[in-house]
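Enquirer: A single structure is presented below for examination.
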Amino acid sequence: MLNIDDIVGLLNYWVVVVLMMAGFYVVIAQHNLMKKVVGLNIFQVAVFVFYITMGKIDSGSAPILDDTIQVYSNPLPHVLILTAIVVGVATTALALAFVVRIQRAFGTIEEDEIFAIEHEEEDLA
Amino acid sequence: MTGALMSSDPWLLLLVVVPLMAAPVCVLVRNATASWTIALAVSWTVFAIALKLLFQVMVQGEALYRIGGWDAPWGIEYRLDSVGSLVVVIVAAIGAVVLPYAKRSVEHEIPEERIYLFYTMLMLCLSGLLGITVTGDAFNLFVFLEISSLSSYVLISLGRDRRALTAAYRYLIMGTLGATFYIIGVGLMYQMTGTLNIADLTTILPAVADTRTVLAALAFLTVGISLKLALFPLHLWLPSAYTFAPSTVTVFLAATATKVSLYVLLRLFFTMFGEVDIFATFPVQPVLIAMALAAMFLASLSAIWQQNIKRMLAYSSVAQIGYMVLGVALATEAGLAGGIVHMFNHALIKGSAFMAVGAIIFATGAVTIKDLEGIGKRMPLLMGAFIISGLGLIGVPLTVGFVSKWQLVTATLEADMWPLAALILLSSLLAVIYVWRIFEVAYLRQPAAGLPVPKELPMSMLVPTWILALASVYFGTNATFTLNLAHAAARQLMGGL
């Protein structure tokens with residue numbers, strides 16, 4: 001059974017699950033190309049929070065050599081996520097560039113309208 | 001494998017760094033011909049390095065490089081074993097053959113002022129694909145995965161048709177989901193093992209293998225990689241992406257990108273989880289076999305109904321990925337060897353098929369099958385190469401396709417799964433139908449009167465097409481070399497030496 005520790009103590013992980021599923025749902029269910037990019041970002045941010053939580057220890061310090069510090073958080077997942085954030089920014093930039101180009105080429109960024117236009121072209125081909 | 005044999009081997013690093021450095025140089029020169037020349041030189045250099053490493057690994061079993069001199073698991077190490085060296089050679093060889101072909105095809109399809117950017121992206125993509133193969137670090141693999149993915153989204157979007165943009169966008173969404181699934185899996189594994197080094201994971205994972213965290217990690221990793229691999233039913237991005245990408249990009253990606261993803265799947269199942277008997281504990285095998293069979297039949301059926309010739313070949317690629325995954329799913333040495341040898345063979349077949357189609361588009365502008373009426377008489381040399389690769393897709397004896405299918409059928413029989421053997425043969429009949437459709441239109445029909453004469457095909461496009469077509473006959477008749485390599489790779493993956 002869930003007790004209060006599972007809910008409060010694992011709060012970050014609950015947040016990760018909710019964000020991840022919300023983002024994933026937006027990517028799949030939304031027909032607007034812009035909103036899909038937003039969903040993708042939420043999905044990725046959930047993973048960032050997951051990695052950052054994983055490395056953090058209660059009252060753990062940054063990795064600084066000092067006699068007064070006994071407990072360290074693991075800095076590696078935090079560093080990894082810096083890389084993942086950079087990758088995420090690049091992906092978002094590219095996705096937005098595509099959305100702009102699609103808007104110019106098709107005159108819309110609604111997926112169902114684009115589908116309809118593409119199907120017409122398919123019939124002509 | 002310790003001591004002198006495992007000394008640091010800088011060639012492994014150069015394999016990745018040379019194309020990576022070429023990318024900014026291409027941007028700086030800002031000139032179409034100059035950037036093509038640089039890309040050509042780099043691709044041939046990389047191919048030479050790949051061959052050197054292949055022969056070295058055949059003797060030594062493994063090659064290793066520690067970045068910055070840091071020992072694993074603190075530092076990132078690059079590690080190449082038999083299967084890795086084979087994949088590196090596939091990627092590098094296709095790169096080396098595609099670049100001569102690229103010059104005229106790219107000039108024809110991409111505006112002059114964007115050509116240098118095209119080669120920049122191609123170099124990044126090459127670097128990323130090679131990086132995935134040589135790295136021995138699970139997170140570093142993610143970084144290379146994203147380098148190759150982001151550059152391939154851009155490459156696809158450079159297609160002339162506006163639908164290239166939507167194809168690239170859809171691939172970006174699905175590819176990013178796949179890559180993010182992959183890092184979720186890596187994160188979960190890191191939580192349980194505290195390591196990102198792949199060799200380290202092999203030794204630590206068995207102790208925690210029965211936890212739910214590791215099970216979840218395996219599921220996330222499998223789904224994420226399958227998305228990049230375009231394993232049915234996660235293949236939805238592939239047909240449009242291959243159809244609307246510039247011809248050169250289709251050739252390059254069809255022959256390399258999915259192969260590299262299959263390599264990552266092999267690494268996951270047989271290296272990271274190598275000491276864990278996932279095939280006995282988790283229902284990996286039935287799921288993989290079901291998806292592979294679905295790919296073989298449904299994608300082949302879709303291929304039969306396509307009007308656009310590139311889309312037909314793309315669906316055929318999804319089907320062929322099914323054969324490779326089927327071999328992997330058997331989890332026997334013979335099955336793995338079948339999957340691995342088909343990876344190599346299919347790169348040759350699809351490379352030459354897409355090159356031939358790209359050349360037809362260059363010469364006549366035809367994209368649908370009905371536009372190909374009588375093309376066999378109008379472009380006999382080119383269609384000859386296409387028919388050879390078509391026969392390879394079916395698996396006719398004397399072509400590489402036969403070698404792969406023979407190995408796969410033998411493997412299924414050895415594993416006492418004769419219904420699978422029957423299904424492999426049955427699905428080949430579907431390939432007969434879609435290849436026959438092209439043959440019938442190209443050779444048995446008269447060209448419509450008044451068609452413009454096809455543009456003369458430059459040697460730089462014809463010769464690479466024939467090189468791959470002839471290679472597919474050569475390795476179809478002299479299969480000892482490739483089969484031995486595939487068996488050695490399979491033995492190493494299965495844990496023997």
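Letters for chains follow the order of the structure tokens (A, B, ...), residue numbers begin at 1 for each chain, and ligand numbers begin at 1 in the order shown.
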Residues at most 8 Å from Thr91 (chain A), counting only C-alpha atoms, excluding those fewer than 2 positions away in the same chain, as a PyMOL selection string?
Expert: (chain A and resi 87-89+93-95) or (chain B and resi 150+172+176)
Enquirer: For the residues selected in the previous step, produce a file with N, CA and C atoms as a PDB file, in the first residue's frame.
Expert:
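Produced file out32.pdb, reproduced below:
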```
ATOM      1  N   VAL A  87      21.425  19.260 -26.144  1.00  0.00           N
ATOM      2  CA  VAL A  87      20.824  18.495 -27.237  1.00  0.00           C
ATOM      3  C   VAL A  87      19.355  18.877 -27.392  1.00  0.00           C
ATOM      4  N   GLY A  88      18.658  19.032 -26.250  1.00  0.00           N
ATOM      5  CA  GLY A  88      17.240  19.387 -26.294  1.00  0.00           C
ATOM      6  C   GLY A  88      17.012  20.743 -26.942  1.00  0.00           C
ATOM      7  N   VAL A  89      17.896  21.715 -26.612  1.00  0.00           N
ATOM      8  CA  VAL A  89      17.762  23.051 -27.211  1.00  0.00           C
ATOM      9  C   VAL A  89      17.955  22.964 -28.721  1.00  0.00           C
ATOM     10  N   ALA A  93      15.217  23.962 -31.496  1.00  0.00           N
ATOM     11  CA  ALA A  93      15.491  24.977 -32.511  1.00  0.00           C
ATOM     12  C   ALA A  93      15.191  24.431 -33.898  1.00  0.00           C
ATOM     13  N   LEU A  94      15.656  23.221 -34.149  1.00  0.00           N
ATOM     14  CA  LEU A  94      15.456  22.619 -35.469  1.00  0.00           C
ATOM     15  C   LEU A  94      13.965  22.377 -35.721  1.00  0.00           C
ATOM     16  N   ALA A  95      13.267  21.877 -34.690  1.00  0.00           N
ATOM     17  CA  ALA A  95      11.831  21.616 -34.842  1.00  0.00           C
ATOM     18  C   ALA A  95      11.090  22.906 -35.159  1.00  0.00           C
TER      19      ALA A  95
ATOM     20  N   LEU B 150      20.028  14.541 -35.655  1.00  0.00           N
ATOM     21  CA  LEU B 150      19.748  15.941 -36.001  1.00  0.00           C
ATOM     22  C   LEU B 150      20.234  16.238 -37.409  1.00  0.00           C
ATOM     23  N   LEU B 172      11.717  13.877 -36.872  1.00  0.00           N
ATOM     24  CA  LEU B 172      12.298  14.557 -35.709  1.00  0.00           C
ATOM     25  C   LEU B 172      11.515  14.210 -34.443  1.00  0.00           C
ATOM     26  N   THR B 176      13.251  11.886 -31.712  1.00  0.00           N
ATOM     27  CA  THR B 176      13.553  12.461 -30.403  1.00  0.00           C
ATOM     28  C   THR B 176      12.896  11.644 -29.299  1.00  0.00           C
TER      29      THR B 176
END
```
Enquirer: So that I can see what lies close to Phe232 (chain B), please list as a list in words the residues with an atom at most 8 Å from it, counting only C-alpha atoms and leaving out residues fewer than 2 positions away in the same chain.
Expert: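 Non-adjacent residues within range: Ala230, Leu234, His235, Met291, Ala292, Ala294, Ala295, Val318 and Gly322 of chain B.
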Enquirer: Quick one: write out the picked residues with N, CA and C atoms as an mmCIF file, in the first residue's frame?
Expert:
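So the final result, stored in selection.cif, reads:
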```cif
data_model
loop_
_atom_site.group_PDB
_atom_site.id
_atom_site.type_symbol
_atom_site.label_atom_id
_atom_site.label_comp_id
_atom_site.auth_asym_id
_atom_site.auth_seq_id
_atom_site.Cartn_x
_atom_site.Cartn_y
_atom_site.Cartn_z
ATOM 1 N N ALA B 230 13.303 1.649 -36.853
ATOM 2 C CA ALA B 230 12.103 1.526 -37.685
ATOM 3 C C ALA B 230 11.599 0.088 -37.695
ATOM 4 N N LEU B 234 6.922 0.569 -35.347
ATOM 5 C CA LEU B 234 7.478 1.894 -35.031
ATOM 6 C C LEU B 234 8.168 2.494 -36.263
ATOM 7 N N HIS B 235 7.745 2.061 -37.459
ATOM 8 C CA HIS B 235 8.447 2.430 -38.689
ATOM 9 C C HIS B 235 7.796 3.619 -39.395
ATOM 10 N N MET B 291 7.079 -9.032 -34.093
ATOM 11 C CA MET B 291 7.249 -7.766 -34.806
ATOM 12 C C MET B 291 8.018 -7.983 -36.108
ATOM 13 N N ALA B 292 9.021 -8.883 -36.062
ATOM 14 C CA ALA B 292 9.805 -9.138 -37.271
ATOM 15 C C ALA B 292 8.913 -9.749 -38.355
ATOM 16 N N ALA B 294 5.635 -9.499 -38.618
ATOM 17 C CA ALA B 294 4.695 -8.483 -39.070
ATOM 18 C C ALA B 294 5.380 -7.567 -40.085
ATOM 19 N N ALA B 295 6.642 -7.178 -39.798
ATOM 20 C CA ALA B 295 7.373 -6.318 -40.728
ATOM 21 C C ALA B 295 7.553 -7.020 -42.065
ATOM 22 N N VAL B 318 11.699 -1.626 -44.617
ATOM 23 C CA VAL B 318 11.075 -2.007 -43.342
ATOM 24 C C VAL B 318 10.966 -3.529 -43.262
ATOM 25 N N GLY B 322 12.916 -6.456 -40.774
ATOM 26 C CA GLY B 322 12.268 -7.596 -40.136
ATOM 27 C C GLY B 322 13.140 -8.845 -40.189
#
```
Enquirer: Please determine the contact residues of chain A with respect to chain B at a cut-off of 9 Å, counting only C-alpha atoms, and supply them as number ranges by chain.
Expert: A: 24, 27, 33, 36-37, 40, 43-44, 47, 50-51, 54-55, 77, 80, 83-84, 87-88, 90-91, 94-95, 98-99, 101-102, 105-106, 114, 118, 125
Enquirer: Could you pull out all residues of chain A with a DSSP call of alpha helix (DSSP H) and give them as a PyMOL selection string?
Expert: chain A and resi 4-8+11-29+33-55+75-106+111-124
Enquirer: Show me, as a list in words, the residues that have an atom within 8 Å of region 310-317 of chain B when counting only C-alpha atoms, minus same-chain residues fewer than 3 positions from it.
Expert: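 The residues that qualify are Leu238, Pro239, Ser240, Tyr242, Thr243, Ala254, Ala299, Ser300, Ser302, Ala303, Ile304, Trp305, Gln306, Gln307, Gln320, Ile321, Lys350, Ala353, Phe354, Val357, Val367, Ala431 and Tyr434 of chain B.
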Enquirer: So what do you get for CA of Leu420 (chain B) versus CA of Leu326 (chain B), distance-wise?
Expert: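 Calculated distance between CA of Leu420 (chain B) and CA of Leu326 (chain B) is 9.1 Å.
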Enquirer: Residues near Thr33 (chain B), anyone? I mean within 9 Å using only C-alpha atoms, not counting same-chain ones fewer than 2 positions away, as a list in words.
Expert: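 What passes the distance filter is Asn31, Ser35, Trp36, Thr37, Ile38, Lys103, Ile115 and Tyr116 of chain B.
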Enquirer: Give me, please, the distance in Å between CA of Met461 (chain B) and CA of Met379 (chain B), quoted to one decimal.
Expert: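 Rounded to one decimal, the two atoms are 13.0 Å apart.
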Enquirer: Need the shell around Leu53 (chain B): protein/DNA/RNA residues with any atom at most 9 Å away, counting only C-alpha atoms. Skip same-chain ones fewer than 4 positions apart. Format as a PyMOL selection string?
Expert: chain B and resi 11-12+48-49+57-58+63+80+85+88-89
Enquirer: Quick one, how far is CA of Val208 (chain B) from CA of Gly274 (chain B)?
Expert: 13.4 Å
Enquirer: List the neighbours of Leu485 (chain B) out to 8 Å using only C-alpha atoms; skip same-chain residues closer than 3 positions along the sequence, and give me the result as number ranges by chain.
Expert: B: 82, 86, 481-482, 488-489
